[in-house]
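Have a look at the structure below before the remarks.
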Amino acid sequence: MSFIAVFYLPSIRLVRYTAFVFCQSILIDGIFDILYTHSMRRVIAVANQKGGVGKTTTVVNLGAALADLGYRVALIDLDSQGAMTVSFGLNPYTTKPSMVNLLLNKDIALSDVAKSVAERLQVAPAGSDLLSAEYRLLKQPDRTTRLRDAIEKSRDDVDYVLIDTPPNLGLLTVNGLVAANQLLIPVKTEYLAMRGVRPLLESVWLIRDRINPDLQLLGVVPTMHGASPNADAIVSEMSKVFRNKLLKSTIPMDEAAAVAPASRQTVLDYRPASRAAVAYRELAKEVSDVLR
Ligand SMILES: Nc1ncnc2c1ncn2[C@@H]1O[C@H](COP(=O)(O)OP(=O)(O)OP(=O)(O)O)[C@@H](O)[C@H]1O
Ligand SMILES: [Mg+2]
């Protein structure tokens with residue numbers, strides 16, 4: 001009896017305790033898995049209210065370079081100009097369902113709209129009908145969170161979602177910033193380059209305060225470097241303003257980047273050894289390192 005009391009009963013307790021710890025660890029692992037799966041999806045809004053600074057070109061080529069690195073990537077076109085959609089050879093008028101359907105219909109998820117355009121690379125297309133979506137959304141109480149909800153409902157697991165936004169701070173850009181957990185700002189290295197960044201950052205702080213506290217500034221990437229004779233002085237000015245948020249990768253002015261969309265290719269496919277292709281591959285490595 002004393003044998004049982006000394007060894008057997010404690011061993012039952014030990015077994016029970018071990019089972020308890022085991023179950024707890026499964027539970028904790030499960031929670032960590034969920035947290036991990038969630039935090040694995042990086043949603044990057046590429047925004048700058050200034051027009052023609054390289055937002056679309058950056059989404060297209062950074063997205064393609066991330067896919068080349070082995071990540072699963074979904075690109076979202078939130079611009080009624082549909083330039084990103086066209087860059088991948090999709091027709092912005094006839095490709096359905098598209099972003100307008102996703103924004104106006106709460107039952108549509110990102111995975112319903114995204115089309116596969118290359119290995120590990122999907123595009124959610126848009127066209128000029130997005131303008132009417134913006135107008136119709138204005139009356140909806142959940143107008144700022146429609147995109148976030150559609151991404152969360154998505155059935156496809158992706159590592160990166162990149163959002164191309166229009167050159168304004170309207171409702172579509174706000175949807176992009178609310179859905180994102182990272183903001184990437186392309187800034188063209190030219191005189192008055194930083195015009196547009198201040199109002200954007202003011203909107204970001206407002207959105208962080210009110211709707212999306214997860215939104216962080218991933219960084220500022222200088223684009224079309226070399227277009228202006230004082231580009232280096234502008235980059236050094238940018239480094240004083242943005243400090244460690246100025247990314248190390250700089251995208252050069254390169255005709256290949258401008259011509260690639262005409263052949264419905266990314267610059268990485270169109271001219272893999274071009275300076276722009278090399279720079280976008282470097283940017284993809286830097287972004288994936290920063291967000292690791
Ligand atoms: N690195 C580059 N070298 C040369 N041309 C470029 C480069 N990046 C972009 N471009 C060209 O500059 C123009 C503007 O680029 P892009 O469309 O990417 O800017 P955007 O910020 O998306 O413009 P918008 O505000 O109108 O949406 C395009 O014609 C594009 O092909
Ligand atoms: Mg654009």
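Naming works like this for the structure tokens: A, B, ... for the chains as they're shown, residue 1 at the start of each chain, ligands 1 onward in shown order.
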Per residue of chain A within 6 Å of ligand 1, record the nearest atom pair and its distance in Å to one decimal, counting only C-alpha atoms and all ligand atoms, with rows in chain order and ascending residue number, as CSV.
residue,atom,partner,partner_atom_place_in_ligand_line,distance
A:Gly51,CA,ligand 1,25 (O),3.1
A:Gly52,CA,ligand 1,23 (O),3.3
A:Val53,CA,ligand 1,21 (O),3.9
A:Gly54,CA,ligand 1,18 (O),3.3
A:Lys55,CA,ligand 1,22 (O),3.8
A:Thr56,CA,ligand 1,22 (O),3.7
A:Thr57,CA,ligand 1,18 (O),3.7
A:Pro166,CA,ligand 1,27 (O),5.3
A:Pro167,CA,ligand 1,25 (O),4.3
A:Thr223,CA,ligand 1,1 (N),6.0
A:Met224,CA,ligand 1,1 (N),4.3
A:Ile251,CA,ligand 1,1 (N),5.6
A:Pro252,CA,ligand 1,1 (N),5.1
A:Met253,CA,ligand 1,3 (N),3.6
A:Asp254,CA,ligand 1,3 (N),3.8
A:Glu255,CA,ligand 1,4 (C),4.8
A:Ala257,CA,ligand 1,2 (C),5.0
A:Ala258,CA,ligand 1,31 (O),3.3
A:Ala276,CA,ligand 1,1 (N),5.9
Within-12 Å residues of ligand 2, basis only C-alpha atoms and all ligand atoms, as number ranges by chain: A: 46-60, 76-87, 126, 163-168, 173, 186
Residues from last step as file, N, CA and C atoms, as an mmCIF file, in the first residue's frame:
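The resulting part_9.cif:
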data_model
loop_
_atom_site.group_PDB
_atom_site.id
_atom_site.type_symbol
_atom_site.label_atom_id
_atom_site.label_comp_id
_atom_site.auth_asym_id
_atom_site.auth_seq_id
_atom_site.Cartn_x
_atom_site.Cartn_y
_atom_site.Cartn_z
ATOM 1 N N VAL A 46 0.845 50.294 -51.519
ATOM 2 C CA VAL A 46 1.847 51.142 -52.176
ATOM 3 C C VAL A 46 1.122 52.437 -52.532
ATOM 4 N N ALA A 47 1.501 53.504 -51.854
ATOM 5 C CA ALA A 47 0.709 54.735 -52.004
ATOM 6 C C ALA A 47 1.576 55.979 -52.016
ATOM 7 N N ASN A 48 1.096 56.957 -52.744
ATOM 8 C CA ASN A 48 1.632 58.315 -52.755
ATOM 9 C C ASN A 48 0.610 59.103 -53.546
ATOM 10 N N GLN A 49 0.068 60.144 -52.940
ATOM 11 C CA GLN A 49 -1.003 60.841 -53.656
ATOM 12 C C GLN A 49 -0.498 61.602 -54.880
ATOM 13 N N LYS A 50 0.823 61.777 -54.953
ATOM 14 C CA LYS A 50 1.396 62.401 -56.143
ATOM 15 C C LYS A 50 1.321 61.390 -57.301
ATOM 16 N N GLY A 51 0.953 61.869 -58.464
ATOM 17 C CA GLY A 51 0.814 60.980 -59.627
ATOM 18 C C GLY A 51 2.160 60.699 -60.290
ATOM 19 N N GLY A 52 2.234 59.559 -60.971
ATOM 20 C CA GLY A 52 3.391 59.245 -61.816
ATOM 21 C C GLY A 52 4.695 59.057 -61.085
ATOM 22 N N VAL A 53 4.665 58.562 -59.850
ATOM 23 C CA VAL A 53 5.901 58.406 -59.078
ATOM 24 C C VAL A 53 6.427 56.961 -59.106
ATOM 25 N N GLY A 54 5.677 56.062 -59.771
ATOM 26 C CA GLY A 54 6.138 54.671 -59.867
ATOM 27 C C GLY A 54 5.389 53.699 -58.954
ATOM 28 N N LYS A 55 4.191 54.067 -58.512
ATOM 29 C CA LYS A 55 3.419 53.152 -57.649
ATOM 30 C C LYS A 55 3.109 51.843 -58.390
ATOM 31 N N THR A 56 2.481 51.989 -59.573
ATOM 32 C CA THR A 56 2.062 50.803 -60.323
ATOM 33 C C THR A 56 3.271 49.967 -60.740
ATOM 34 N N THR A 57 4.304 50.636 -61.241
ATOM 35 C CA THR A 57 5.512 49.926 -61.673
ATOM 36 C C THR A 57 6.120 49.159 -60.499
ATOM 37 N N THR A 58 6.057 49.754 -59.314
ATOM 38 C CA THR A 58 6.609 49.091 -58.123
ATOM 39 C C THR A 58 5.767 47.883 -57.725
ATOM 40 N N VAL A 59 4.436 48.026 -57.751
ATOM 41 C CA VAL A 59 3.583 46.880 -57.393
ATOM 42 C C VAL A 59 3.837 45.719 -58.359
ATOM 43 N N VAL A 60 3.853 46.028 -59.657
ATOM 44 C CA VAL A 60 4.039 44.984 -60.677
ATOM 45 C C VAL A 60 5.380 44.260 -60.480
ATOM 46 N N ILE A 76 -3.337 43.659 -55.923
ATOM 47 C CA ILE A 76 -4.681 44.223 -56.017
ATOM 48 C C ILE A 76 -4.620 45.558 -56.741
ATOM 49 N N ASP A 77 -5.437 45.703 -57.779
ATOM 50 C CA ASP A 77 -5.516 46.974 -58.498
ATOM 51 C C ASP A 77 -6.658 47.797 -57.907
ATOM 52 N N LEU A 78 -6.309 48.908 -57.278
ATOM 53 C CA LEU A 78 -7.351 49.777 -56.704
ATOM 54 C C LEU A 78 -7.446 51.081 -57.478
ATOM 55 N N ASP A 79 -6.882 51.090 -58.685
ATOM 56 C CA ASP A 79 -6.874 52.328 -59.475
ATOM 57 C C ASP A 79 -7.761 52.149 -60.699
ATOM 58 N N SER A 80 -8.702 53.065 -60.879
ATOM 59 C CA SER A 80 -9.640 52.939 -62.003
ATOM 60 C C SER A 80 -8.932 53.091 -63.359
ATOM 61 N N GLN A 81 -7.681 53.568 -63.337
ATOM 62 C CA GLN A 81 -6.914 53.611 -64.602
ATOM 63 C C GLN A 81 -6.579 52.192 -65.073
ATOM 64 N N GLY A 82 -6.575 51.224 -64.146
ATOM 65 C CA GLY A 82 -6.346 49.814 -64.482
ATOM 66 C C GLY A 82 -4.971 49.535 -65.059
ATOM 67 N N ALA A 83 -3.999 50.393 -64.776
ATOM 68 C CA ALA A 83 -2.672 50.231 -65.391
ATOM 69 C C ALA A 83 -2.002 48.932 -64.957
ATOM 70 N N MET A 84 -2.182 48.557 -63.703
ATOM 71 C CA MET A 84 -1.562 47.323 -63.225
ATOM 72 C C MET A 84 -2.207 46.114 -63.914
ATOM 73 N N THR A 85 -3.533 46.178 -64.053
ATOM 74 C CA THR A 85 -4.285 45.112 -64.720
ATOM 75 C C THR A 85 -3.775 44.926 -66.152
ATOM 76 N N VAL A 86 -3.650 46.047 -66.866
ATOM 77 C CA VAL A 86 -3.204 46.009 -68.266
ATOM 78 C C VAL A 86 -1.768 45.487 -68.368
ATOM 79 N N SER A 87 -0.930 45.854 -67.395
ATOM 80 C CA SER A 87 0.481 45.423 -67.422
ATOM 81 C C SER A 87 0.612 43.911 -67.471
ATOM 82 N N ALA A 126 -8.853 45.600 -62.140
ATOM 83 C CA ALA A 126 -9.795 46.720 -61.998
ATOM 84 C C ALA A 126 -9.843 47.511 -63.291
ATOM 85 N N ILE A 163 -0.977 46.263 -52.775
ATOM 86 C CA ILE A 163 -2.133 47.027 -53.236
ATOM 87 C C ILE A 163 -1.674 48.274 -53.988
ATOM 88 N N ASP A 164 -2.081 48.375 -55.243
ATOM 89 C CA ASP A 164 -1.764 49.572 -56.040
ATOM 90 C C ASP A 164 -2.893 50.580 -55.837
ATOM 91 N N THR A 165 -2.557 51.767 -55.392
ATOM 92 C CA THR A 165 -3.586 52.767 -55.078
ATOM 93 C C THR A 165 -3.556 53.919 -56.090
ATOM 94 N N PRO A 166 -4.671 54.642 -56.214
ATOM 95 C CA PRO A 166 -4.702 55.765 -57.165
ATOM 96 C C PRO A 166 -3.987 57.001 -56.608
ATOM 97 N N PRO A 167 -3.713 57.995 -57.461
ATOM 98 C CA PRO A 167 -2.979 59.189 -56.995
ATOM 99 C C PRO A 167 -3.895 60.201 -56.301
ATOM 100 N N ASN A 168 -4.585 59.759 -55.277
ATOM 101 C CA ASN A 168 -5.401 60.670 -54.454
ATOM 102 C C ASN A 168 -5.617 59.991 -53.113
ATOM 103 N N THR A 173 -8.108 54.647 -51.794
ATOM 104 C CA THR A 173 -6.810 54.644 -51.102
ATOM 105 C C THR A 173 -7.013 54.341 -49.622
ATOM 106 N N PRO A 186 6.563 55.036 -52.755
ATOM 107 C CA PRO A 186 7.556 55.355 -53.785
ATOM 108 C C PRO A 186 7.644 56.876 -53.946
#
Among the residues of region 68-268 of chain A, find those DSSP assigns to helix (DSSP H, G or I) from the backbone and print them as a PyMOL selection string. chain A and resi 68+83-87+99-104+110-113+130-137+146-152+171-179+197-210+231-245+255-263+267-268
Kindly give the distance, in Å, that separates CA of Ser98 (chain A) and CA of Ala262 (chain A), rounded to a single decimal.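 About the pair CA of Ser98 (chain A) and CA of Ala262 (chain A): they are 21.7 Å apart.
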Among region 161-202 of chain A, which residues carry a DSSP assignment of strand (DSSP E), reported as a PyMOL selection string? chain A and resi 161-164+182-188
Write the selection just made, keeping C-alpha atoms, as a PDB file, in the first residue's frame?
ATOM      1  CA  VAL A 161      -0.659  41.120 -50.805  1.00  0.00           C
ATOM      2  CA  LEU A 162       0.418  44.298 -52.630  1.00  0.00           C
ATOM      3  CA  ILE A 163      -2.133  47.027 -53.236  1.00  0.00           C
ATOM      4  CA  ASP A 164      -1.764  49.572 -56.040  1.00  0.00           C
ATOM      5  CA  GLN A 182       2.519  48.009 -44.125  1.00  0.00           C
ATOM      6  CA  LEU A 183       2.820  51.143 -46.217  1.00  0.00           C
ATOM      7  CA  LEU A 184       5.426  51.498 -48.952  1.00  0.00           C
ATOM      8  CA  ILE A 185       5.830  54.988 -50.423  1.00  0.00           C
ATOM      9  CA  PRO A 186       7.556  55.355 -53.785  1.00  0.00           C
ATOM     10  CA  VAL A 187       9.046  58.833 -54.138  1.00  0.00           C
ATOM     11  CA  LYS A 188      10.375  60.023 -57.469  1.00  0.00           C
TER      12      LYS A 188
END
Quick one: pull the distance between CA of Gln216 (chain A) and CA of Gly170 (chain A), Å, one decimal.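 Atom-to-atom, CA of Gln216 (chain A) to CA of Gly170 (chain A), that is 19.5 Å.
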Pick from A:Ala227, A:Val174, A:Tyr160, A:Trp205, whichever lies nearest to Thr189 (chain A) using only C-alpha atoms: A:Ala227
